[in-house]
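The structure appears below as structure tokens.
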Amino acid sequence: MSQPPPPPPNQPPQQGGFGPPQDQPPATPQPPAAPQNPAPQGPAAPQGPATPPAPQAPPSLQKGPQPGYGYPQQPPAPQGPQPPQPQPGYGYPQGPQPGYGFPQPPQPPQPPQPQAPQPPGYGYPGAQPNPYGQPTQPMGPYPQQPGYSYPGGPTVPMQAQPGQPGGGRNNAALLIIVAAVVAIALIVGGGVWYAKSSGGDGKKDETASSSGGEDGTGGKDGATGGTPSGGTEKVPSDPASKVLFQVGMPQTKDTVVTSGSWLTNSVYAKSGVAEIVGYNPAAGTKMWTIKLPGPVCTASKHVTEDNKTAVVFQPKMPKKGSSEGCSQVAAIDLDKGTRLWTKTVKNGDYTANLQNVTVSQHTVAVGSSNGGAAFDIGTGKALWQPKPEDSCSDAGYGGGPKLVAVRKCGSYGERQLHIQTIDAVSGKVISDYKMAAGIEYAGIVSTDPLVVAADVGDSADDGSGISDYFSIDNKTGKLLTRISAPSDTYAGRCDSITRVEDCREVVAGNGRLYVPTEEHDGSGDYSKTNEIVVFDLATGKQTGQRAEAGDGYTLSPLRMDGGNLIAYKHPPYDQGGQVVTIGGSSFKATTLLENPSAESVRRAETTMLPEYAEILYGQGRLYMSAVYAHKSTYGKEYLLLAFGSKG
């Protein structure tokens, strides 16, 4: 599996860079930013074709970005791919060690130890059809118990080697340290744009990554200046874009998690250092700021029909190299810019360390190593909590149009997973699919259609966490089909040990599964490219549809747009990235947005790889943001970038 990006930030966003001047009326007093050198403004004048580098040094963005947030670090001088080196702390990367906001274990993590088998209890298959009773423990502001459920540090990508254009999980430049089995990781999942018109069943709270819909018929896909058949995103007459606004990387001594970004009709919101900021989607002016007592740990990528979401965060700012535990869950109103309520979850006498959070309909569901709980998103009322005496526990939840639990039974090495569609309000189990014994972890790609990814038999030797996809009927729990996805052929990844819903670059909708292939050689010197292929979720067979990225580009699915697929094209070293809509019927790609090829813009954009960064597209605009903030060591870096039409 690809790993989240490296190091941290703590001072306010730096000013300066490319794009329009930022009109940022201060919501709260901010310390003065450090002086910056002038940087290029907006897209530069058109440039001629860049001259490819000499054969001894393949063109891996040599004039491209210095790595930062959302992208692995690059060494200063080109060199060949290096074999992985032994790392301290069970595979933790060398270099600056994470600090506040980047939870670390208090001691080197140890491999999971086999536990004595527990007798069946509530929720164990065949024992009780509904393990989700009303909460048996009070929920409220309980103090965090020292030493309990101390979070571990998330895995981090190794340094990238020059000569690779990025993308693709088999890329030797992205050698991966798999420390996930021994660490309790934080989510770095990408935010998802909430499209009120997306989805096949008319539910407004379906998110863009999992919304489905019937194929558009009776129209031509991708008509210029109109709306492609089956979608809502309009095709512009001129897709050329400009930088709408950008926010500089906050400067801190250590790495700080900044997961979470959301787009509604009226606001683009992004997590910062112990805060969430709402921006005008076009101008980038600050609309509101929600201050948090500690850094964000993880965030839901889903938004309700009335624009509410949820986050998990630390109760206060931790000291350097430590964590205060991810014990707080809160609901956020994105329209008003307010924190609606804050809760903790009790596991016996202790406050639970929360590892994941999602939103489905009007329910906030949180998971931990000892089970989960659910709250009403509007009021904070406790809805249900799996009974503490259960021998099984909910590892986490997938949200959106339906709520799905990954329920684990048995000890490590003898694991039995159940994929359960549950009623979001009552917690009642609607359907249950029992996965094959020995599968330790599962990632939820989509809840409707229900698609789960897993690494069966640890056969995904690239660390992607995916060897197979399981298409499940969420009404009956019946397996519809199993799709083999060998790691040397297909890209996409799921960091599902604690994140459950953190699957990237794979999208389900329209009764189909859209999967990118691994990078392979293109037609040009040193160029790479890939394709998106389609599987039928009823039969498991390929449909024969195939979208080619084009020489030097790599395609990554982002979300559904009705019957169409929205995808991002990571560019070659001398071009800007693109957003395309791929027609559900014709599978023809039509360009929605093409970013500037000016060097200063390319440097910033190409640090935002789909494997790590949060990428949202909606209303004709592209938003790219980092999931970590850190002290910049390679010049100007950015927390977020926004692109839109020049018109």
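Going by the structure tokens order, chains are called A, B, ..., each with residues numbered from 1, while ligands are numbered from 1 in the order shown.
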(request) Give the strand (DSSP E) residues of region 210-384 of chain A, as assigned by DSSP on the backbone, as an MDAnalysis selection string. (result) chainID A and resid 241:248 256:257 261:263 268:271 275:279 286:291 296:299 308:313 328:333 338:343 346:347 350:351 354:360 363:368 371:376 382:384
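A straight line drawn from CA of Cys392 (chain A) to CA of Ala405 (chain A) is 11.9 Å long.
Counting only C-alpha atoms and comparing A:Leu558, A:Leu340, A:Val256, A:Leu417, the residue that lies closest to Cys503 (chain A) is A:Leu558.
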(request) For Glu518 (chain A), list every protein, DNA or RNA residue within 12 Å, evaluated using only C-alpha atoms, and leave out those in the same chain fewer than 3 positions away; present the list as an MDAnalysis selection string. (result) chainID A and resid 166:171 462 464 485:493 505 515 521 528:533 549 554:556
Contacts of region 452-456 of chain A at 9 Å (only C-alpha atoms; same-chain gap of 2+ positions) as an mmCIF file with all heavy atoms, in the first residue's frame:
data_model
loop_
_atom_site.group_PDB
_atom_site.id
_atom_site.type_symbol
_atom_site.label_atom_id
_atom_site.label_comp_id
_atom_site.auth_asym_id
_atom_site.auth_seq_id
_atom_site.Cartn_x
_atom_site.Cartn_y
_atom_site.Cartn_z
ATOM 1 N N ILE A 419 -18.862 -8.679 7.039
ATOM 2 C CA ILE A 419 -19.234 -7.408 6.420
ATOM 3 C C ILE A 419 -20.735 -7.265 6.616
ATOM 4 O O ILE A 419 -21.528 -7.991 6.017
ATOM 5 C CB ILE A 419 -18.866 -7.374 4.928
ATOM 6 C CG1 ILE A 419 -17.395 -7.769 4.737
ATOM 7 C CG2 ILE A 419 -19.147 -5.995 4.362
ATOM 8 C CD1 ILE A 419 -16.405 -6.892 5.474
ATOM 9 N N ALA A 436 -13.848 -15.263 4.050
ATOM 10 C CA ALA A 436 -13.076 -16.481 4.260
ATOM 11 C C ALA A 436 -12.178 -16.327 5.479
ATOM 12 O O ALA A 436 -11.644 -15.248 5.753
ATOM 13 C CB ALA A 436 -12.238 -16.795 3.022
ATOM 14 N N GLY A 438 -9.099 -16.274 7.909
ATOM 15 C CA GLY A 438 -7.706 -15.919 7.695
ATOM 16 C C GLY A 438 -7.491 -14.561 7.071
ATOM 17 O O GLY A 438 -6.362 -14.061 7.049
ATOM 18 N N ILE A 439 -8.539 -13.934 6.554
ATOM 19 C CA ILE A 439 -8.412 -12.568 6.043
ATOM 20 C C ILE A 439 -8.437 -11.633 7.250
ATOM 21 O O ILE A 439 -9.425 -11.573 7.977
ATOM 22 C CB ILE A 439 -9.545 -12.218 5.065
ATOM 23 C CG1 ILE A 439 -9.487 -13.131 3.836
ATOM 24 C CG2 ILE A 439 -9.472 -10.764 4.650
ATOM 25 C CD1 ILE A 439 -10.614 -12.906 2.846
ATOM 26 N N GLU A 440 -7.348 -10.936 7.472
ATOM 27 C CA GLU A 440 -7.211 -10.135 8.689
ATOM 28 C C GLU A 440 -7.902 -8.780 8.602
ATOM 29 O O GLU A 440 -8.437 -8.285 9.586
ATOM 30 C CB GLU A 440 -5.724 -9.920 9.007
ATOM 31 C CG GLU A 440 -4.961 -11.197 9.322
ATOM 32 C CD GLU A 440 -5.352 -11.799 10.665
ATOM 33 O OE1 GLU A 440 -5.930 -11.080 11.503
ATOM 34 O OE2 GLU A 440 -5.078 -13.001 10.857
ATOM 35 N N TYR A 441 -7.871 -8.166 7.426
ATOM 36 C CA TYR A 441 -8.381 -6.803 7.292
ATOM 37 C C TYR A 441 -9.169 -6.670 5.993
ATOM 38 O O TYR A 441 -8.899 -7.360 5.015
ATOM 39 C CB TYR A 441 -7.226 -5.794 7.292
ATOM 40 C CG TYR A 441 -6.292 -5.957 8.456
ATOM 41 C CD1 TYR A 441 -5.038 -6.545 8.289
ATOM 42 C CD2 TYR A 441 -6.657 -5.531 9.727
ATOM 43 C CE1 TYR A 441 -4.173 -6.704 9.352
ATOM 44 C CE2 TYR A 441 -5.801 -5.690 10.803
ATOM 45 C CZ TYR A 441 -4.561 -6.272 10.612
ATOM 46 O OH TYR A 441 -3.711 -6.442 11.671
ATOM 47 N N ALA A 442 -10.129 -5.749 5.996
ATOM 48 C CA ALA A 442 -10.920 -5.471 4.797
ATOM 49 C C ALA A 442 -11.172 -3.978 4.710
ATOM 50 O O ALA A 442 -11.396 -3.310 5.722
ATOM 51 C CB ALA A 442 -12.241 -6.231 4.832
ATOM 52 N N GLY A 443 -11.124 -3.462 3.490
ATOM 53 C CA GLY A 443 -11.387 -2.052 3.259
ATOM 54 C C GLY A 443 -12.665 -1.877 2.466
ATOM 55 O O GLY A 443 -12.928 -2.610 1.513
ATOM 56 N N ILE A 444 -13.463 -0.904 2.860
ATOM 57 C CA ILE A 444 -14.736 -0.651 2.193
ATOM 58 C C ILE A 444 -14.526 0.346 1.062
ATOM 59 O O ILE A 444 -14.186 1.506 1.290
ATOM 60 C CB ILE A 444 -15.791 -0.131 3.187
ATOM 61 C CG1 ILE A 444 -16.054 -1.184 4.270
ATOM 62 C CG2 ILE A 444 -17.086 0.232 2.462
ATOM 63 C CD1 ILE A 444 -16.956 -0.704 5.387
ATOM 64 N N VAL A 445 -14.725 -0.111 -0.159
ATOM 65 C CA VAL A 445 -14.605 0.748 -1.337
ATOM 66 C C VAL A 445 -15.874 1.567 -1.512
ATOM 67 O O VAL A 445 -15.831 2.763 -1.812
ATOM 68 C CB VAL A 445 -14.335 -0.101 -2.597
ATOM 69 C CG1 VAL A 445 -14.355 0.763 -3.851
ATOM 70 C CG2 VAL A 445 -13.010 -0.836 -2.464
ATOM 71 N N SER A 446 -17.014 0.935 -1.305
ATOM 72 C CA SER A 446 -18.310 1.576 -1.504
ATOM 73 C C SER A 446 -19.344 0.826 -0.676
ATOM 74 O O SER A 446 -19.234 -0.389 -0.486
ATOM 75 C CB SER A 446 -18.683 1.542 -2.995
ATOM 76 O OG SER A 446 -20.046 1.856 -3.196
ATOM 77 N N THR A 447 -20.349 1.550 -0.184
ATOM 78 C CA THR A 447 -21.426 0.891 0.575
ATOM 79 C C THR A 447 -22.659 0.634 -0.281
ATOM 80 O O THR A 447 -23.497 -0.178 0.081
ATOM 81 C CB THR A 447 -21.822 1.735 1.803
ATOM 82 O OG1 THR A 447 -22.341 3.014 1.374
ATOM 83 C CG2 THR A 447 -20.628 1.954 2.719
ATOM 84 N N LEU A 450 -22.234 -2.335 -2.626
ATOM 85 C CA LEU A 450 -21.327 -2.760 -1.563
ATOM 86 C C LEU A 450 -20.147 -3.509 -2.178
ATOM 87 O O LEU A 450 -20.296 -4.598 -2.737
ATOM 88 C CB LEU A 450 -22.065 -3.645 -0.564
ATOM 89 C CG LEU A 450 -21.228 -4.197 0.604
ATOM 90 C CD1 LEU A 450 -20.468 -3.098 1.333
ATOM 91 C CD2 LEU A 450 -22.130 -4.965 1.581
ATOM 92 N N ASP A 458 -2.124 -12.526 2.014
ATOM 93 C CA ASP A 458 -0.977 -11.611 1.940
ATOM 94 C C ASP A 458 -0.287 -11.695 0.579
ATOM 95 O O ASP A 458 0.941 -11.645 0.472
ATOM 96 C CB ASP A 458 0.040 -11.917 3.047
ATOM 97 C CG ASP A 458 -0.524 -11.674 4.430
ATOM 98 O OD1 ASP A 458 -1.322 -10.735 4.565
ATOM 99 O OD2 ASP A 458 -0.189 -12.423 5.362
ATOM 100 N N SER A 459 -1.084 -11.812 -0.468
ATOM 101 C CA SER A 459 -0.520 -11.988 -1.807
ATOM 102 C C SER A 459 -0.201 -10.672 -2.501
ATOM 103 O O SER A 459 0.480 -10.660 -3.522
ATOM 104 C CB SER A 459 -1.487 -12.805 -2.677
ATOM 105 O OG SER A 459 -2.761 -12.178 -2.741
ATOM 106 N N ALA A 460 -0.705 -9.547 -1.962
ATOM 107 C CA ALA A 460 -0.395 -8.240 -2.544
ATOM 108 C C ALA A 460 0.961 -7.797 -2.021
ATOM 109 O O ALA A 460 1.066 -7.049 -1.054
ATOM 110 C CB ALA A 460 -1.475 -7.229 -2.196
ATOM 111 N N GLY A 463 2.234 -4.157 -0.953
ATOM 112 C CA GLY A 463 1.733 -3.434 0.213
ATOM 113 C C GLY A 463 0.479 -2.632 -0.051
ATOM 114 O O GLY A 463 0.089 -1.809 0.775
ATOM 115 N N SER A 464 -0.179 -2.844 -1.167
ATOM 116 C CA SER A 464 -1.379 -2.062 -1.496
ATOM 117 C C SER A 464 -2.582 -2.449 -0.656
ATOM 118 O O SER A 464 -3.545 -1.705 -0.576
ATOM 119 C CB SER A 464 -1.732 -2.250 -2.968
ATOM 120 O OG SER A 464 -2.068 -3.609 -3.218
ATOM 121 N N GLY A 465 -2.557 -3.628 -0.043
ATOM 122 C CA GLY A 465 -3.703 -4.077 0.737
ATOM 123 C C GLY A 465 -4.819 -4.663 -0.105
ATOM 124 O O GLY A 465 -5.894 -4.969 0.407
ATOM 125 N N ILE A 466 -4.571 -4.846 -1.413
ATOM 126 C CA ILE A 466 -5.619 -5.351 -2.302
ATOM 127 C C ILE A 466 -5.083 -6.486 -3.171
ATOM 128 O O ILE A 466 -4.116 -6.316 -3.911
ATOM 129 C CB ILE A 466 -6.161 -4.249 -3.232
ATOM 130 C CG1 ILE A 466 -6.695 -3.063 -2.435
ATOM 131 C CG2 ILE A 466 -7.249 -4.812 -4.153
ATOM 132 C CD1 ILE A 466 -7.081 -1.876 -3.306
ATOM 133 N N SER A 467 -5.733 -7.629 -3.077
ATOM 134 C CA SER A 467 -5.508 -8.704 -4.038
ATOM 135 C C SER A 467 -6.819 -9.100 -4.709
ATOM 136 O O SER A 467 -6.815 -9.644 -5.811
ATOM 137 C CB SER A 467 -4.909 -9.932 -3.345
ATOM 138 O OG SER A 467 -5.856 -10.522 -2.457
ATOM 139 N N ASP A 468 -7.935 -8.791 -4.005
ATOM 140 C CA ASP A 468 -9.259 -9.178 -4.502
ATOM 141 C C ASP A 468 -10.297 -8.149 -4.064
ATOM 142 O O ASP A 468 -10.173 -7.517 -3.006
ATOM 143 C CB ASP A 468 -9.667 -10.542 -3.955
ATOM 144 C CG ASP A 468 -8.787 -11.673 -4.442
ATOM 145 O OD1 ASP A 468 -7.711 -11.883 -3.836
ATOM 146 O OD2 ASP A 468 -9.166 -12.328 -5.420
ATOM 147 N N TYR A 469 -11.332 -8.026 -4.904
ATOM 148 C CA TYR A 469 -12.513 -7.228 -4.559
ATOM 149 C C TYR A 469 -13.700 -8.177 -4.406
ATOM 150 O O TYR A 469 -13.830 -9.155 -5.150
ATOM 151 C CB TYR A 469 -12.817 -6.202 -5.640
ATOM 152 C CG TYR A 469 -11.756 -5.143 -5.803
ATOM 153 C CD1 TYR A 469 -10.789 -5.261 -6.800
ATOM 154 C CD2 TYR A 469 -11.722 -4.029 -4.971
ATOM 155 C CE1 TYR A 469 -9.813 -4.288 -6.960
ATOM 156 C CE2 TYR A 469 -10.743 -3.047 -5.127
ATOM 157 C CZ TYR A 469 -9.797 -3.181 -6.121
ATOM 158 O OH TYR A 469 -8.820 -2.228 -6.274
ATOM 159 N N PHE A 470 -14.591 -7.863 -3.448
ATOM 160 C CA PHE A 470 -15.771 -8.679 -3.185
ATOM 161 C C PHE A 470 -17.012 -7.822 -3.394
ATOM 162 O O PHE A 470 -17.207 -6.818 -2.703
ATOM 163 C CB PHE A 470 -15.733 -9.219 -1.750
ATOM 164 C CG PHE A 470 -14.554 -10.113 -1.467
ATOM 165 C CD1 PHE A 470 -13.306 -9.576 -1.185
ATOM 166 C CD2 PHE A 470 -14.691 -11.493 -1.485
ATOM 167 C CE1 PHE A 470 -12.210 -10.388 -0.923
ATOM 168 C CE2 PHE A 470 -13.604 -12.316 -1.231
ATOM 169 C CZ PHE A 470 -12.362 -11.765 -0.952
ATOM 170 N N SER A 471 -17.835 -8.221 -4.366
ATOM 171 C CA SER A 471 -19.093 -7.532 -4.629
ATOM 172 C C SER A 471 -20.201 -8.267 -3.878
ATOM 173 O O SER A 471 -20.415 -9.471 -4.078
ATOM 174 C CB SER A 471 -19.390 -7.520 -6.131
ATOM 175 O OG SER A 471 -20.666 -6.978 -6.398
ATOM 176 N N ILE A 472 -20.897 -7.550 -2.995
ATOM 177 C CA ILE A 472 -21.838 -8.169 -2.059
ATOM 178 C C ILE A 472 -23.215 -7.535 -2.195
ATOM 179 O O ILE A 472 -23.332 -6.307 -2.328
ATOM 180 C CB ILE A 472 -21.329 -8.009 -0.607
ATOM 181 C CG1 ILE A 472 -19.924 -8.611 -0.466
ATOM 182 C CG2 ILE A 472 -22.279 -8.639 0.396
ATOM 183 C CD1 ILE A 472 -19.218 -8.216 0.820
ATOM 184 N N ARG A 493 -5.336 1.217 -3.799
ATOM 185 C CA ARG A 493 -4.848 0.731 -2.515
ATOM 186 C C ARG A 493 -5.885 0.953 -1.428
ATOM 187 O O ARG A 493 -6.744 1.835 -1.528
ATOM 188 C CB ARG A 493 -3.550 1.438 -2.115
ATOM 189 C CG ARG A 493 -3.709 2.899 -1.722
ATOM 190 C CD ARG A 493 -2.401 3.476 -1.198
ATOM 191 N NE ARG A 493 -2.521 4.864 -0.783
ATOM 192 C CZ ARG A 493 -2.898 5.253 0.409
ATOM 193 N NH1 ARG A 493 -3.229 4.346 1.320
ATOM 194 N NH2 ARG A 493 -2.980 6.527 0.714
ATOM 195 N N CYS A 494 -5.806 0.157 -0.367
ATOM 196 C CA CYS A 494 -6.638 0.322 0.824
ATOM 197 C C CYS A 494 -5.753 0.185 2.059
ATOM 198 O O CYS A 494 -5.121 -0.864 2.247
ATOM 199 C CB CYS A 494 -7.748 -0.727 0.891
ATOM 200 S SG CYS A 494 -9.049 -0.532 -0.340
ATOM 201 N N SER A 496 -6.394 -0.446 5.308
ATOM 202 C CA SER A 496 -7.597 -0.848 6.030
ATOM 203 C C SER A 496 -7.356 -1.466 7.398
ATOM 204 O O SER A 496 -8.276 -2.024 7.987
ATOM 205 C CB SER A 496 -8.410 -1.823 5.166
ATOM 206 O OG SER A 496 -7.607 -2.870 4.684
ATOM 207 N N CYS A 503 -9.838 3.671 1.032
ATOM 208 C CA CYS A 503 -9.482 3.059 -0.244
ATOM 209 C C CYS A 503 -9.385 4.165 -1.283
ATOM 210 O O CYS A 503 -10.286 5.001 -1.392
ATOM 211 C CB CYS A 503 -10.519 2.026 -0.670
ATOM 212 S SG CYS A 503 -10.532 0.541 0.369
#
(request) Quick one: pull the distance between CA of His362 (chain A) and CA of Thr304 (chain A), Å, one decimal. (result)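 CA of His362 (chain A) sits 6.7 Å away from CA of Thr304 (chain A).
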Any idea what's packed within 7 Å of region 330-333 of chain A, counting only C-alpha atoms, ignoring anything in its chain fewer than 3 positions away? Could you give it as a PDB file with N, CA, C and O atoms, in the first residue's frame?
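For reference, selection.pdb as written:
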ATOM      1  N   ASN A 307     -25.349  19.283   4.810  1.00  0.00           N
ATOM      2  CA  ASN A 307     -23.955  19.735   4.875  1.00  0.00           C
ATOM      3  C   ASN A 307     -23.338  19.655   6.275  1.00  0.00           C
ATOM      4  O   ASN A 307     -22.737  20.614   6.771  1.00  0.00           O
ATOM      5  N   LYS A 308     -23.456  18.502   6.869  1.00  0.00           N
ATOM      6  CA  LYS A 308     -22.797  18.224   8.141  1.00  0.00           C
ATOM      7  C   LYS A 308     -21.840  17.048   7.958  1.00  0.00           C
ATOM      8  O   LYS A 308     -22.090  16.145   7.150  1.00  0.00           O
ATOM      9  N   THR A 309     -20.757  17.052   8.715  1.00  0.00           N
ATOM     10  CA  THR A 309     -19.784  15.973   8.668  1.00  0.00           C
ATOM     11  C   THR A 309     -19.228  15.750  10.062  1.00  0.00           C
ATOM     12  O   THR A 309     -19.738  16.319  11.037  1.00  0.00           O
ATOM     13  N   ALA A 310     -18.178  14.933  10.200  1.00  0.00           N
ATOM     14  CA  ALA A 310     -17.647  14.607  11.528  1.00  0.00           C
ATOM     15  C   ALA A 310     -16.136  14.427  11.470  1.00  0.00           C
ATOM     16  O   ALA A 310     -15.586  14.003  10.446  1.00  0.00           O
ATOM     17  N   VAL A 311     -15.479  14.722  12.593  1.00  0.00           N
ATOM     18  CA  VAL A 311     -14.035  14.561  12.718  1.00  0.00           C
ATOM     19  C   VAL A 311     -13.702  13.964  14.079  1.00  0.00           C
ATOM     20  O   VAL A 311     -14.486  14.054  15.027  1.00  0.00           O
ATOM     21  N   VAL A 312     -12.524  13.361  14.169  1.00  0.00           N
ATOM     22  CA  VAL A 312     -11.957  12.896  15.441  1.00  0.00           C
ATOM     23  C   VAL A 312     -10.685  13.700  15.671  1.00  0.00           C
ATOM     24  O   VAL A 312      -9.913  13.929  14.734  1.00  0.00           O
ATOM     25  N   LYS A 336     -22.645  26.660   8.538  1.00  0.00           N
ATOM     26  CA  LYS A 336     -22.509  27.699   9.563  1.00  0.00           C
ATOM     27  C   LYS A 336     -21.089  27.842  10.098  1.00  0.00           C
ATOM     28  O   LYS A 336     -20.765  28.834  10.748  1.00  0.00           O
ATOM     29  N   GLY A 337     -20.253  26.824   9.856  1.00  0.00           N
ATOM     30  CA  GLY A 337     -18.904  26.886  10.381  1.00  0.00           C
ATOM     31  C   GLY A 337     -18.863  26.736  11.884  1.00  0.00           C
ATOM     32  O   GLY A 337     -18.150  27.478  12.575  1.00  0.00           O
ATOM     33  N   THR A 338     -19.607  25.776  12.401  1.00  0.00           N
ATOM     34  CA  THR A 338     -19.682  25.578  13.848  1.00  0.00           C
ATOM     35  C   THR A 338     -19.464  24.113  14.205  1.00  0.00           C
ATOM     36  O   THR A 338     -19.749  23.216  13.404  1.00  0.00           O
ATOM     37  N   ARG A 339     -18.966  23.912  15.424  1.00  0.00           N
ATOM     38  CA  ARG A 339     -18.877  22.560  15.986  1.00  0.00           C
ATOM     39  C   ARG A 339     -20.173  22.328  16.766  1.00  0.00           C
ATOM     40  O   ARG A 339     -20.474  23.031  17.731  1.00  0.00           O
ATOM     41  N   LEU A 340     -20.937  21.334  16.353  1.00  0.00           N
ATOM     42  CA  LEU A 340     -22.264  21.118  16.924  1.00  0.00           C
ATOM     43  C   LEU A 340     -22.205  20.474  18.301  1.00  0.00           C
ATOM     44  O   LEU A 340     -22.961  20.840  19.198  1.00  0.00           O
ATOM     45  N   TRP A 341     -21.343  19.486  18.446  1.00  0.00           N
ATOM     46  CA  TRP A 341     -21.192  18.789  19.720  1.00  0.00           C
ATOM     47  C   TRP A 341     -19.894  18.008  19.709  1.00  0.00           C
ATOM     48  O   TRP A 341     -19.312  17.769  18.658  1.00  0.00           O
ATOM     49  N   THR A 342     -19.445  17.624  20.906  1.00  0.00           N
ATOM     50  CA  THR A 342     -18.237  16.815  21.056  1.00  0.00           C
ATOM     51  C   THR A 342     -18.511  15.699  22.052  1.00  0.00           C
ATOM     52  O   THR A 342     -19.106  15.940  23.107  1.00  0.00           O
ATOM     53  N   LYS A 343     -18.117  14.475  21.719  1.00  0.00           N
ATOM     54  CA  LYS A 343     -18.375  13.316  22.575  1.00  0.00           C
ATOM     55  C   LYS A 343     -17.113  12.467  22.711  1.00  0.00           C
ATOM     56  O   LYS A 343     -16.180  12.565  21.911  1.00  0.00           O
ATOM     57  N   ILE A 377     -26.141  12.946  14.234  1.00  0.00           N
ATOM     58  CA  ILE A 377     -25.235  14.016  13.821  1.00  0.00           C
ATOM     59  C   ILE A 377     -25.752  15.396  14.200  1.00  0.00           C
ATOM     60  O   ILE A 377     -24.972  16.331  14.408  1.00  0.00           O
TER      61      ILE A 377
END
(message) Can you tell me which residues surround Trp262 (chain A) at a distance of at most 12 Å, considering only C-alpha atoms, apart from same-chain residues fewer than 3 positions away, and format the answer as an NGL selection string?
(response) :A and (189-195 or 207-208 or 259 or 265-271 or 276-279 or 281 or 299-304 or 307-311 or 332-335 or 614-618 or 622-625)
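Pairwise distance (CA of Thr498 (chain A), CA of Val357 (chain A)) equals 10.5 Å.
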(message) When you look at region 576-592 of chain A with a cut-off of 7 Å (counting only C-alpha atoms), what residues show up, excluding the ones that are within fewer than 4 positions of it in the same chain? I need them as a ChimeraX atom specification.
(response) /A:215-216,221-222,235-236,239,545,547,563-571,596-597,602
